[in-house]
>>> print(open('work11.csv').read())   # CSV, C-alpha atoms
chain,number,residue,atom,x,y,z
A,31,LYS,CA,109.0,112.4,75.2
A,32,LEU,CA,111.0,110.5,77.7
A,33,LEU,CA,111.4,107.2,76.0
A,34,PRO,CA,111.4,106.6,72.2
A,35,GLU,CA,108.7,104.1,71.0
A,36,GLU,CA,111.4,101.9,69.5
A,37,ASP,CA,112.9,101.4,73.0
A,38,MET,CA,109.6,100.9,74.8
A,39,ARG,CA,108.5,98.2,72.4
A,40,PRO,CA,111.1,95.6,73.5
A,41,ALA,CA,110.3,96.3,77.1
A,42,ALA,CA,106.6,95.8,76.5
A,43,THR,CA,107.3,92.6,74.7
A,44,SER,CA,109.5,91.3,77.5
A,45,LEU,CA,106.8,92.1,80.1
A,46,ALA,CA,104.1,90.5,78.0
A,47,ARG,CA,106.2,87.3,77.7
A,48,LEU,CA,106.6,87.1,81.4
A,49,GLN,CA,102.8,87.7,81.9
A,50,ALA,CA,102.0,84.9,79.5
A,51,ALA,CA,104.4,82.4,81.1
A,52,GLN,CA,102.8,79.4,82.9
A,53,GLU,CA,105.1,79.7,85.8
A,54,TYR,CA,106.8,82.6,87.6
A,55,HIS,CA,110.6,82.5,87.0
A,56,ARG,CA,112.3,84.9,89.4
A,57,LEU,CA,115.6,85.1,87.4
A,58,SER,CA,113.8,85.9,84.1
A,59,PHE,CA,111.7,88.6,85.9
A,60,GLU,CA,114.9,90.1,87.4
A,61,HIS,CA,116.7,90.1,84.1
A,62,ALA,CA,113.7,91.8,82.4
A,63,VAL,CA,113.5,94.5,85.2
A,64,GLU,CA,117.2,95.1,84.9
A,65,ASP,CA,117.0,95.5,81.2
A,66,ILE,CA,114.3,98.1,81.6
A,67,ARG,CA,116.1,99.9,84.4
A,68,SER,CA,119.3,100.0,82.3
A,69,MET,CA,117.4,101.4,79.2
A,70,VAL,CA,115.7,104.1,81.3
A,71,ALA,CA,118.9,105.0,83.1
A,72,LYS,CA,120.7,105.5,79.8
A,73,HIS,CA,117.9,107.7,78.5
A,74,LEU,CA,117.9,109.7,81.7
A,75,TRP,CA,121.7,110.1,81.3
A,76,GLN,CA,121.2,111.4,77.8
A,77,LEU,CA,118.4,113.7,78.9
A,78,VAL,CA,120.1,115.2,82.1
A,79,VAL,CA,123.8,115.1,81.3
A,80,VAL,CA,123.8,115.8,77.5
A,81,GLN,CA,120.6,117.6,76.7
A,82,GLY,CA,120.3,119.3,80.1
A,83,SER,CA,124.0,120.4,80.1
A,84,LEU,CA,124.5,119.1,83.7
A,85,VAL,CA,128.2,119.7,83.8
A,86,GLN,CA,127.8,123.4,83.1
A,87,HIS,CA,125.2,123.6,85.9
A,88,LEU,CA,127.4,121.8,88.3
A,89,GLN,CA,130.2,124.2,87.5
A,90,ALA,CA,127.8,127.1,88.2
A,91,LEU,CA,126.9,125.5,91.6
A,92,LYS,CA,130.6,125.3,92.3
A,93,ASP,CA,131.3,128.9,91.2
A,94,TYR,CA,128.6,130.4,93.4
A,95,PHE,CA,127.4,128.0,96.1
A,96,LEU,CA,130.9,126.8,96.7
A,97,MET,CA,132.5,130.3,96.1
A,98,ASN,CA,134.9,129.2,93.4
A,99,LYS,CA,134.4,132.5,91.6
A,100,GLY,CA,136.7,134.3,94.0
A,101,ASP,CA,136.8,137.7,92.3
A,102,PHE,CA,133.0,138.0,92.4
A,103,PHE,CA,132.7,137.2,96.1
A,104,GLN,CA,135.6,139.5,96.9
A,105,THR,CA,133.8,142.3,95.1
A,106,PHE,CA,130.5,141.4,96.8
A,107,LEU,CA,132.1,141.4,100.3
A,108,GLU,CA,133.5,144.9,99.6
A,109,GLU,CA,130.2,146.1,98.2
A,110,ALA,CA,128.3,144.9,101.2
A,111,LYS,CA,130.8,145.7,103.9
A,112,GLY,CA,129.1,148.8,105.1
A,113,LEU,CA,125.7,147.1,105.2
A,114,CYS,CA,126.9,144.1,107.1
A,115,LYS,CA,128.5,146.2,109.9
A,116,MET,CA,125.0,146.6,111.4
A,117,PRO,CA,122.6,143.7,112.2
A,118,PRO,CA,120.1,142.9,109.4
A,119,ARG,CA,116.7,144.5,109.6
A,120,THR,CA,113.5,142.5,109.6
A,121,GLY,CA,110.8,143.0,107.0
A,122,GLY,CA,112.9,142.3,103.9
A,123,SER,CA,114.7,145.7,103.5
A,124,SER,CA,118.1,144.2,104.3
A,125,GLU,CA,117.5,141.4,101.8
A,126,ASN,CA,116.7,144.0,99.1
A,127,ASP,CA,119.8,146.0,99.9
A,128,LEU,CA,121.9,142.9,99.9
A,129,ARG,CA,120.6,141.9,96.5
A,130,VAL,CA,121.5,145.3,95.1
A,131,HIS,CA,125.1,144.8,96.2
A,132,PHE,CA,125.0,141.2,94.8
A,133,GLN,CA,124.0,142.5,91.4
A,134,GLN,CA,126.5,145.3,91.4
A,135,ALA,CA,129.3,142.9,92.3
A,136,SER,CA,128.3,140.7,89.2
A,137,LEU,CA,128.7,143.8,87.0
A,138,ARG,CA,132.2,144.5,88.4
A,139,SER,CA,133.5,140.9,88.1
A,140,THR,CA,133.8,137.9,85.8
A,141,ALA,CA,130.2,137.1,86.7
A,142,ALA,CA,129.2,139.8,84.2
A,143,ASP,CA,130.2,137.4,81.3
A,144,ASP,CA,128.8,134.3,82.9
A,145,PRO,CA,125.4,133.3,81.4
A,146,MET,CA,124.8,131.0,84.4
A,147,PHE,CA,124.7,133.9,86.8
A,148,SER,CA,121.1,134.6,85.8
A,149,ASN,CA,120.2,131.3,87.5
A,150,ILE,CA,121.5,132.6,90.9
A,151,LYS,CA,119.2,134.5,93.3
A,152,LEU,CA,120.2,135.7,96.8
A,153,ARG,CA,118.0,135.3,99.8
A,154,LEU,CA,118.3,136.4,103.4
A,155,ASP,CA,116.5,134.7,106.3
A,156,VAL,CA,117.4,136.8,109.4
A,157,LEU,CA,118.7,134.4,112.1
A,158,ARG,CA,119.4,134.7,115.8
A,159,ALA,CA,122.0,132.6,117.6
A,160,GLY,CA,120.9,129.0,118.0
A,161,GLU,CA,118.3,129.1,115.2
A,162,GLU,CA,118.4,126.6,112.4
A,163,CYS,CA,118.8,127.8,108.8
A,164,ASP,CA,116.1,125.4,107.6
A,165,ALA,CA,113.2,124.3,109.7
A,166,ASN,CA,112.2,121.6,107.2
A,167,ALA,CA,115.6,119.8,107.1
A,168,ASP,CA,115.8,116.3,105.8
A,169,ALA,CA,117.6,113.5,107.6
A,170,VAL,CA,121.0,114.6,106.3
A,171,LEU,CA,120.5,118.3,107.1
A,172,ALA,CA,119.2,117.5,110.6
A,173,LYS,CA,122.7,116.2,111.4
A,174,LEU,CA,124.5,119.3,110.1
A,175,LYS,CA,125.7,121.9,112.7
A,176,LEU,CA,126.4,125.3,111.1
A,177,PRO,CA,128.6,127.6,113.1
A,178,HIS,CA,126.8,130.9,114.0
A,179,TYR,CA,128.5,134.3,113.5
A,180,ASP,CA,125.7,136.9,113.2
A,181,GLY,CA,122.3,137.5,111.6
A,182,TRP,CA,123.9,137.7,108.2
A,183,GLY,CA,124.6,134.0,108.4
A,184,GLY,CA,121.1,133.4,107.1
A,185,MET,CA,122.2,134.5,103.7
A,186,SER,CA,121.6,131.7,101.1
A,187,LEU,CA,121.3,131.2,97.4
A,188,ASP,CA,118.4,130.0,95.2
A,189,TYR,CA,119.1,128.3,91.9
A,190,VAL,CA,116.7,128.3,88.9
A,191,VAL,CA,116.4,124.6,88.1
A,192,VAL,CA,114.6,123.7,84.8
A,193,TRP,CA,113.6,120.3,83.5
A,194,PRO,CA,115.1,117.8,83.5
A,195,LEU,CA,117.8,119.0,86.0
A,196,GLY,CA,115.2,118.7,88.9
A,197,LEU,CA,115.7,115.0,88.7
A,198,LEU,CA,119.1,115.5,90.3
A,199,LEU,CA,119.2,119.0,91.7
A,200,THR,CA,116.2,118.6,94.1
A,201,GLU,CA,115.3,121.1,96.8
A,202,ALA,CA,117.0,118.9,99.4
A,203,VAL,CA,120.2,118.8,97.3
A,204,LEU,CA,120.2,122.6,97.0
A,205,ARG,CA,119.7,123.0,100.8
A,206,ARG,CA,122.9,121.0,101.3
A,207,TYR,CA,124.8,123.2,98.9
A,208,ASN,CA,123.4,126.2,100.8
A,209,HIS,CA,124.8,124.9,104.1
A,210,ILE,CA,128.2,124.7,102.6
A,211,PHE,CA,127.8,128.1,101.1
A,212,GLN,CA,126.8,129.6,104.5
A,213,LEU,CA,129.9,128.0,106.1
A,214,LEU,CA,132.2,129.4,103.3
A,215,TYR,CA,130.5,132.8,103.7
A,216,LEU,CA,131.4,132.7,107.4
A,217,THR,CA,135.0,131.9,106.8
A,218,GLN,CA,135.2,134.6,104.1
A,219,GLN,CA,134.1,137.1,106.7
A,220,MET,CA,137.0,135.8,108.9
A,221,ALA,CA,139.4,135.5,106.0
A,222,HIS,CA,142.1,137.7,107.6
A,223,LEU,CA,142.4,135.1,110.4
A,224,ILE,CA,141.4,131.8,109.1
A,225,SER,CA,142.5,132.0,105.5
A,226,ASN,CA,144.3,128.6,105.9
A,227,LEU,CA,141.0,126.9,106.7
A,228,GLN,CA,139.4,128.6,103.7
A,229,VAL,CA,142.2,127.2,101.5
A,230,TYR,CA,141.7,123.8,103.0
A,231,PHE,CA,137.9,123.9,102.2
A,232,GLN,CA,138.4,125.2,98.6
A,233,VAL,CA,141.5,123.4,97.5
A,234,ASP,CA,141.9,120.2,99.6
A,235,VAL,CA,138.2,119.4,99.7
A,236,ILE,CA,136.1,121.1,97.0
A,237,GLU,CA,138.6,120.9,94.2
A,238,VAL,CA,139.6,117.3,94.9
A,239,GLU,CA,136.1,116.0,95.3
A,240,TYR,CA,134.8,118.0,92.3
A,241,SER,CA,137.6,116.5,90.1
A,242,ASN,CA,136.6,113.0,91.4
A,243,MET,CA,133.0,113.6,90.5
A,244,GLN,CA,133.9,114.9,87.0
A,245,ASP,CA,135.8,111.7,86.4
A,246,SER,CA,132.9,109.6,87.6
A,247,ILE,CA,130.4,111.4,85.5
A,248,ALA,CA,132.6,111.3,82.4
A,249,ALA,CA,132.9,107.5,82.8
A,250,ALA,CA,129.1,107.1,83.4
A,251,HIS,CA,126.7,105.8,80.8
A,252,ASP,CA,123.4,105.9,82.7
A,253,PHE,CA,121.6,108.3,85.1
A,254,ALA,CA,122.0,106.1,88.2
A,255,GLU,CA,125.8,106.3,87.9
A,256,VAL,CA,125.6,110.1,87.5
A,257,GLU,CA,123.2,110.4,90.5
A,258,ARG,CA,125.5,108.2,92.6
A,259,ALA,CA,128.6,110.2,91.7
A,260,HIS,CA,126.9,113.5,92.6
A,261,SER,CA,125.5,112.1,95.9
A,262,ILE,CA,129.0,110.9,96.9
A,263,TYR,CA,130.4,114.3,96.0
A,264,LEU,CA,127.9,116.2,98.2
A,265,SER,CA,128.2,113.7,101.0
A,266,ARG,CA,132.0,114.1,101.1
A,267,LEU,CA,131.8,117.9,101.0
A,268,LEU,CA,129.4,117.9,104.0
A,269,SER,CA,131.6,115.5,105.9
A,270,GLN,CA,135.0,117.0,105.1
A,271,THR,CA,133.9,120.6,105.9
A,272,PHE,CA,132.9,119.3,109.4
A,273,LEU,CA,129.3,120.4,109.1
A,274,GLU,CA,128.3,117.0,110.6
A,275,ASN,CA,130.4,117.5,113.7
A,276,GLU,CA,128.6,119.5,116.4
A,277,VAL,CA,131.8,119.9,118.5
A,278,VAL,CA,133.6,121.5,115.6
A,279,SER,CA,130.6,123.7,114.8
A,280,GLN,CA,130.5,125.0,118.4
A,281,SER,CA,134.2,125.6,118.5
A,282,LEU,CA,134.1,127.5,115.2
A,283,THR,CA,131.2,129.6,116.6
A,284,ASP,CA,133.3,130.4,119.7
A,285,VAL,CA,136.3,131.4,117.5
A,286,PHE,CA,134.0,133.6,115.3
A,287,HIS,CA,132.6,135.3,118.4
A,288,HIS,CA,136.0,136.1,119.8
A,289,VAL,CA,137.3,137.4,116.5
A,290,LYS,CA,134.2,139.5,115.9
A,291,THR,CA,134.7,141.1,119.4
A,292,LEU,CA,138.3,141.9,118.6
A,293,CYS,CA,137.4,143.4,115.3
A,294,LYS,CA,134.8,145.6,116.9
A,295,TRP,CA,137.2,146.7,119.5
A,296,VAL,CA,139.8,147.7,117.0
A,297,GLN,CA,137.2,149.5,114.8
A,298,ASP,CA,135.7,151.4,117.8
A,299,ASP,CA,139.2,152.2,119.1
A,300,ASP,CA,140.1,153.7,115.7
A,301,GLU,CA,137.0,155.8,115.9
A,302,GLY,CA,137.6,156.8,119.5
A,303,GLU,CA,134.2,155.4,120.7
A,304,TYR,CA,135.2,152.5,123.0
A,305,ALA,CA,137.8,152.9,125.7
A,306,THR,CA,137.9,149.2,126.6
A,307,ALA,CA,139.4,148.5,123.2
A,308,SER,CA,142.7,149.8,124.5
A,309,ASP,CA,142.5,148.2,127.9
A,310,PRO,CA,145.4,145.6,128.1
A,311,ALA,CA,143.5,143.5,130.7
A,312,ASP,CA,140.4,143.1,128.6
A,313,ILE,CA,142.5,142.3,125.5
A,314,ALA,CA,144.5,139.7,127.4
A,315,GLU,CA,141.3,138.1,128.7
A,316,LEU,CA,139.8,138.0,125.2
A,317,THR,CA,143.1,136.4,123.9
A,318,LYS,CA,142.9,133.8,126.6
A,319,GLU,CA,139.3,132.9,125.6
A,320,PHE,CA,140.2,132.8,122.0
A,321,LEU,CA,143.2,130.5,122.6
A,322,ARG,CA,141.0,128.2,124.7
A,323,SER,CA,138.5,127.9,121.8
A,324,ALA,CA,141.3,127.5,119.2
A,325,ASN,CA,142.9,124.8,121.3
A,326,ALA,CA,139.5,123.0,121.6
A,327,LEU,CA,139.2,123.1,117.8
A,328,TYR,CA,142.7,121.9,117.3
A,329,THR,CA,142.2,119.0,119.7
A,330,VAL,CA,139.1,117.9,117.9
A,331,PHE,CA,140.9,118.1,114.5
A,332,LYS,CA,143.7,116.0,115.9
A,333,SER,CA,141.4,113.4,117.5
A,334,ASN,CA,140.8,110.2,115.7
A,335,LYS,CA,137.4,109.7,117.4
A,336,THR,CA,135.4,111.6,114.8
A,337,ASP,CA,134.2,110.0,111.6
A,338,ALA,CA,136.0,112.6,109.6
A,339,ALA,CA,139.3,111.9,111.3
A,340,GLN,CA,139.0,108.2,110.4
A,341,ARG,CA,138.5,109.0,106.7
A,342,MET,CA,141.0,111.8,106.3
A,343,ALA,CA,143.5,111.8,109.1
A,344,PRO,CA,146.3,113.4,107.1
A,345,LEU,CA,144.2,116.4,106.1
A,346,LEU,CA,143.0,116.9,109.7
A,347,ARG,CA,146.6,117.0,110.9
A,348,GLN,CA,147.2,119.7,108.3
A,349,VAL,CA,144.2,121.6,109.5
A,350,GLY,CA,145.6,121.3,113.0
A,351,HIS,CA,148.8,123.0,111.9
A,352,PHE,CA,146.8,125.6,110.2
A,353,LEU,CA,144.9,126.4,113.4
A,354,LEU,CA,148.1,126.8,115.3
A,355,SER,CA,149.0,129.7,112.9
A,356,PHE,CA,145.7,131.4,113.6
A,357,ARG,CA,146.9,132.5,117.0
A,358,LEU,CA,149.6,134.7,115.6
A,359,PRO,CA,147.5,137.7,114.5
A,360,VAL,CA,145.8,138.0,117.9
A,361,THR,CA,149.1,137.5,119.7
A,362,VAL,CA,150.7,140.3,117.8
A,363,VAL,CA,147.8,142.6,118.7
A,364,VAL,CA,148.1,141.7,122.4
A,365,GLN,CA,151.9,142.2,122.3
A,366,ALA,CA,151.4,145.6,120.9
A,367,ALA,CA,148.9,146.6,123.6
A,368,ALA,CA,150.1,144.8,126.7
A,369,PRO,CA,152.9,142.5,128.0
A,370,VAL,CA,152.4,138.8,127.3
A,371,THR,CA,152.0,136.9,130.6
A,372,ASP,CA,153.4,133.5,131.4
A,373,GLN,CA,149.9,132.1,131.2
A,374,THR,CA,149.4,133.5,127.6
A,375,THR,CA,152.8,132.1,126.6
A,376,SER,CA,152.0,128.6,127.9
A,377,ALA,CA,148.7,128.7,126.0
A,378,LEU,CA,150.7,129.2,122.8
A,379,GLU,CA,152.9,126.2,123.4
>>> encode(input="work11.csv", output="structure tokens")
Amino acid sequence: KLLPEEDMRPAATSLARLQAAQEYHRLSFEHAVEDIRSMVAKHLWQLVVVQGSLVQHLQALKDYFLMNKGDFFQTFLEEAKGLCKMPPRTGGSSENDLRVHFQQASLRSTAADDPMFSNIKLRLDVLRAGEECDANADAVLAKLKLPHYDGWGGMSLDYVVVWPLGLLLTEAVLRRYNHIFQLLYLTQQMAHLISNLQVYFQVDVIEVEYSNMQDSIAAAHDFAEVERAHSIYLSRLLSQTFLENEVVSQSLTDVFHHVKTLCKWVQDDDEGEYATASDPADIAELTKEFLRSANALYTVFKSNKTDAAQRMAPLLRQVGHFLLSFRLPVTVVVQAAAPVTDQTTSALE
């Protein structure tokens, strides 16, 4: 039962008194409505936060949707590495194979002792470049621009939501969590090159905003305050991971594409299957394109024209410095394979 009878009785009395009044008094009506709203919000807080163990579920969302449980995802990426070398197959077989690796990773990591892991289900919607991850996006999701890497970018998570958590963790909310998950999965795939960006997402954004949300929920005494704190938390995550910025998304897509090409060349060259991988001219051209995309990304991060830059200029400057260091691994590869031209050197400056 949502509201105890002893709390409903004063509300009914107050409404009856207003109904029996000879004249309508707006202030009295507003006070009565606010008293009822406050009473309901406090009961919802008790129901969702205390009885529903909201904090534990938010921690689970952080652990899996926001990849806070690093040992699990490191194990999962290793487990699925062979599968993800090839494009995903249609018909659900790739999803089934991926789920096997997902479960195996849970048994070989700290997820094995996590009772919340049973609420997590993996899903794969095979995507092609340019496709949206969710065709029924709400107004917020419609503004988000997720970088594209390959067909495995359609991987997402489902979460078993039981009453009363569905009051807060709606389908739309979980879709927003999934967009952040998909972005983090992409950067995990590129971790050898963009680890600094991953650290920025996990430490400077997620940890900071999660701590802020925890403080707000701890200080709350009704459901409306809890709902507001969680909404602000998700909104800031979406903003500060640049999912609302189409230019950043496209620049990241370009960077991912160039890195993917380089990784394939190195892998094929090791296996003796692709002569172009050792062609200095092709490697220099790829480096040039990569540096152009990295420079575009760095320029956007430095710019104060974006909404994110206005809210978090110091962090964006830090990310800009991070992006400068991204060039080093590719430059080292090029230097080992071919002489660095004046044009390449100037691009690094």
>>> atom_distance(input="work11.csv", atom1="CA of Gln228 (chain A)", atom2="CA of Glu201 (chain A)")
26.2 Å
>>> closest_residue(input="work11.csv", among="A:Phe286, A:Phe147, A:Tyr240, A:Tyr207", to="Lys99 (chain A)", atoms="all atoms listed in the file")
A:Phe147
>>> closest_residue(input="work11.csv", among="A:Leu107, A:Asp37, A:Ser123, A:Glu257", to="Leu199 (chain A)", atoms="only C-alpha atoms")
A:Glu257
>>> residues_near_point(input="work11.csv", point="(139.4, 133.2, 93.8)", cutoff="12 Å", atoms="all atoms listed in the file", output="ChimeraX atom specification")
/A:92-94,96-105,139-140,218,228-229,232-233
>>> write_last_selection(input="work11.csv", atoms="C-alpha atoms", output="mmCIF file, in the frame of the given file")
data_model
loop_
_atom_site.group_PDB
_atom_site.id
_atom_site.type_symbol
_atom_site.label_atom_id
_atom_site.label_comp_id
_atom_site.auth_asym_id
_atom_site.auth_seq_id
_atom_site.Cartn_x
_atom_site.Cartn_y
_atom_site.Cartn_z
ATOM 1 C CA LYS A 92 130.600 125.300 92.300
ATOM 2 C CA ASP A 93 131.300 128.900 91.200
ATOM 3 C CA TYR A 94 128.600 130.400 93.400
ATOM 4 C CA LEU A 96 130.900 126.800 96.700
ATOM 5 C CA MET A 97 132.500 130.300 96.100
ATOM 6 C CA ASN A 98 134.900 129.200 93.400
ATOM 7 C CA LYS A 99 134.400 132.500 91.600
ATOM 8 C CA GLY A 100 136.700 134.300 94.000
ATOM 9 C CA ASP A 101 136.800 137.700 92.300
ATOM 10 C CA PHE A 102 133.000 138.000 92.400
ATOM 11 C CA PHE A 103 132.700 137.200 96.100
ATOM 12 C CA GLN A 104 135.600 139.500 96.900
ATOM 13 C CA THR A 105 133.800 142.300 95.100
ATOM 14 C CA SER A 139 133.500 140.900 88.100
ATOM 15 C CA THR A 140 133.800 137.900 85.800
ATOM 16 C CA GLN A 218 135.200 134.600 104.100
ATOM 17 C CA GLN A 228 139.400 128.600 103.700
ATOM 18 C CA VAL A 229 142.200 127.200 101.500
ATOM 19 C CA GLN A 232 138.400 125.200 98.600
ATOM 20 C CA VAL A 233 141.500 123.400 97.500
#
>>> atom_distance(input="work11.csv", atom1="CA of Leu77 (chain A)", atom2="CA of Leu197 (chain A)")
10.2 Å
>>> closest_residue(input="work11.csv", among="A:Lys115, A:Ile66, A:Gly82, A:Ser269", to="Thr43 (chain A)", atoms="only C-alpha atoms")
A:Ile66
>>> residues_near_point(input="work11.csv", point="(130.8, 144.0, 96.2)", cutoff="12 Å", atoms="all atoms listed in the file", output="NGL selection string")
:A and (100-114 or 127-139 or 141)
>>> atom_distance(input="work11.csv", atom1="CA of Asn208 (chain A)", atom2="CA of Ser186 (chain A)")
5.8 Å
>>> closest_residue(input="work11.csv", among="A:Val80, A:Asp312, A:Arg67, A:Leu273", to="Ala248 (chain A)", atoms="only C-alpha atoms")
A:Val80
>>> residues_around(input="work11.csv", residues="Glu255 (chain A)", least_positions_apart="6", cutoff="12 Å", atoms="only C-alpha atoms", output="ChimeraX atom specification")
/A:68,71-72,74-75,79,198,243-249,261-262
>>> closest_residue(input="work11.csv", among="A:Ser265, A:Ser58, A:Ser124, A:Ser44", to="Leu152 (chain A)", atoms="only C-alpha atoms")
A:Ser124
>>> residues_around(input="work11.csv", residues="Glu125 (chain A)", least_positions_apart="6", cutoff="10 Å", atoms="all atoms listed in the file", output="short mmCIF file (atom, residue, chain, number, x, y, z; two decimals) with C-alpha atoms, in the frame of the given file")
data_model
loop_
_atom_site.label_atom_id
_atom_site.label_comp_id
_atom_site.auth_asym_id
_atom_site.auth_seq_id
_atom_site.Cartn_x
_atom_site.Cartn_y
_atom_site.Cartn_z
CA PRO A 118 120.10 142.90 109.40
CA ARG A 119 116.70 144.50 109.60
CA LEU A 152 120.20 135.70 96.80
CA ARG A 153 118.00 135.30 99.80
CA LEU A 154 118.30 136.40 103.40
CA ASP A 155 116.50 134.70 106.30
CA VAL A 156 117.40 136.80 109.40
CA TRP A 182 123.90 137.70 108.20
CA MET A 185 122.20 134.50 103.70
#
>>> closest_residue(input="work11.csv", among="A:Tyr189, A:Phe331, A:Tyr263, A:Phe211", to="Phe95 (chain A)", atoms="only C-alpha atoms")
A:Phe211
>>> residues_around(input="work11.csv", residues="Ser83 (chain A)", least_positions_apart="5", cutoff="12 Å", atoms="only C-alpha atoms", output="mmCIF file with C-alpha atoms, keeping the file's coordinate frame")
data_model
loop_
_atom_site.group_PDB
_atom_site.id
_atom_site.type_symbol
_atom_site.label_atom_id
_atom_site.label_comp_id
_atom_site.auth_asym_id
_atom_site.auth_seq_id
_atom_site.Cartn_x
_atom_site.Cartn_y
_atom_site.Cartn_z
ATOM 1 C CA TRP A 75 121.700 110.100 81.300
ATOM 2 C CA GLN A 76 121.200 111.400 77.800
ATOM 3 C CA LEU A 77 118.400 113.700 78.900
ATOM 4 C CA VAL A 78 120.100 115.200 82.100
ATOM 5 C CA LEU A 88 127.400 121.800 88.300
ATOM 6 C CA GLN A 89 130.200 124.200 87.500
ATOM 7 C CA ALA A 90 127.800 127.100 88.200
ATOM 8 C CA MET A 146 124.800 131.000 84.400
ATOM 9 C CA VAL A 191 116.400 124.600 88.100
ATOM 10 C CA VAL A 192 114.600 123.700 84.800
ATOM 11 C CA TRP A 193 113.600 120.300 83.500
ATOM 12 C CA PRO A 194 115.100 117.800 83.500
ATOM 13 C CA LEU A 195 117.800 119.000 86.000
#
>>> build_atoms(input="work11.csv", residues="region 85-98 of chain A", atoms="N, CA, C and O atoms", output="short mmCIF file (atom, residue, chain, number, x, y, z; two decimals), keeping the file's coordinate frame")
data_model
loop_
_atom_site.label_atom_id
_atom_site.label_comp_id
_atom_site.auth_asym_id
_atom_site.auth_seq_id
_atom_site.Cartn_x
_atom_site.Cartn_y
_atom_site.Cartn_z
N VAL A 85 126.88 119.29 83.34
CA VAL A 85 128.20 119.70 83.80
C VAL A 85 128.33 121.20 83.92
O VAL A 85 128.94 121.70 84.88
N GLN A 86 127.73 121.96 83.01
CA GLN A 86 127.80 123.40 83.10
C GLN A 86 127.03 123.90 84.35
O GLN A 86 127.47 124.86 85.01
N HIS A 87 125.93 123.25 84.69
CA HIS A 87 125.20 123.60 85.90
C HIS A 87 125.93 123.27 87.16
O HIS A 87 125.90 124.02 88.14
N LEU A 88 126.59 122.13 87.17
CA LEU A 88 127.40 121.80 88.30
C LEU A 88 128.55 122.74 88.51
O LEU A 88 128.93 123.07 89.64
N GLN A 89 129.12 123.21 87.39
CA GLN A 89 130.20 124.20 87.50
C GLN A 89 129.62 125.52 88.06
O GLN A 89 130.28 126.19 88.86
N ALA A 90 128.39 125.88 87.69
CA ALA A 90 127.80 127.10 88.20
C ALA A 90 127.53 126.94 89.74
O ALA A 90 127.75 127.89 90.51
N LEU A 91 127.10 125.78 90.18
CA LEU A 91 126.90 125.50 91.60
C LEU A 91 128.26 125.64 92.33
O LEU A 91 128.34 126.19 93.44
N LYS A 92 129.30 125.14 91.72
CA LYS A 92 130.60 125.30 92.30
C LYS A 92 131.08 126.72 92.35
O LYS A 92 131.63 127.17 93.35
N ASP A 93 130.84 127.46 91.27
CA ASP A 93 131.30 128.90 91.20
C ASP A 93 130.62 129.72 92.26
O ASP A 93 131.29 130.60 92.84
N TYR A 94 129.32 129.50 92.53
CA TYR A 94 128.60 130.40 93.40
C TYR A 94 128.25 129.81 94.76
O TYR A 94 128.54 130.42 95.79
N PHE A 95 127.69 128.63 94.80
CA PHE A 95 127.40 128.00 96.10
C PHE A 95 128.66 127.63 96.83
O PHE A 95 128.71 127.68 98.06
N LEU A 96 129.69 127.22 96.10
CA LEU A 96 130.90 126.80 96.70
C LEU A 96 132.02 127.89 96.57
O LEU A 96 133.20 127.64 96.81
N MET A 97 131.61 129.09 96.17
CA MET A 97 132.50 130.30 96.10
C MET A 97 133.74 130.09 95.33
O MET A 97 134.80 130.61 95.69
N ASN A 98 133.68 129.35 94.24
CA ASN A 98 134.90 129.20 93.40
C ASN A 98 135.19 130.42 92.60
O ASN A 98 136.35 130.64 92.23
#
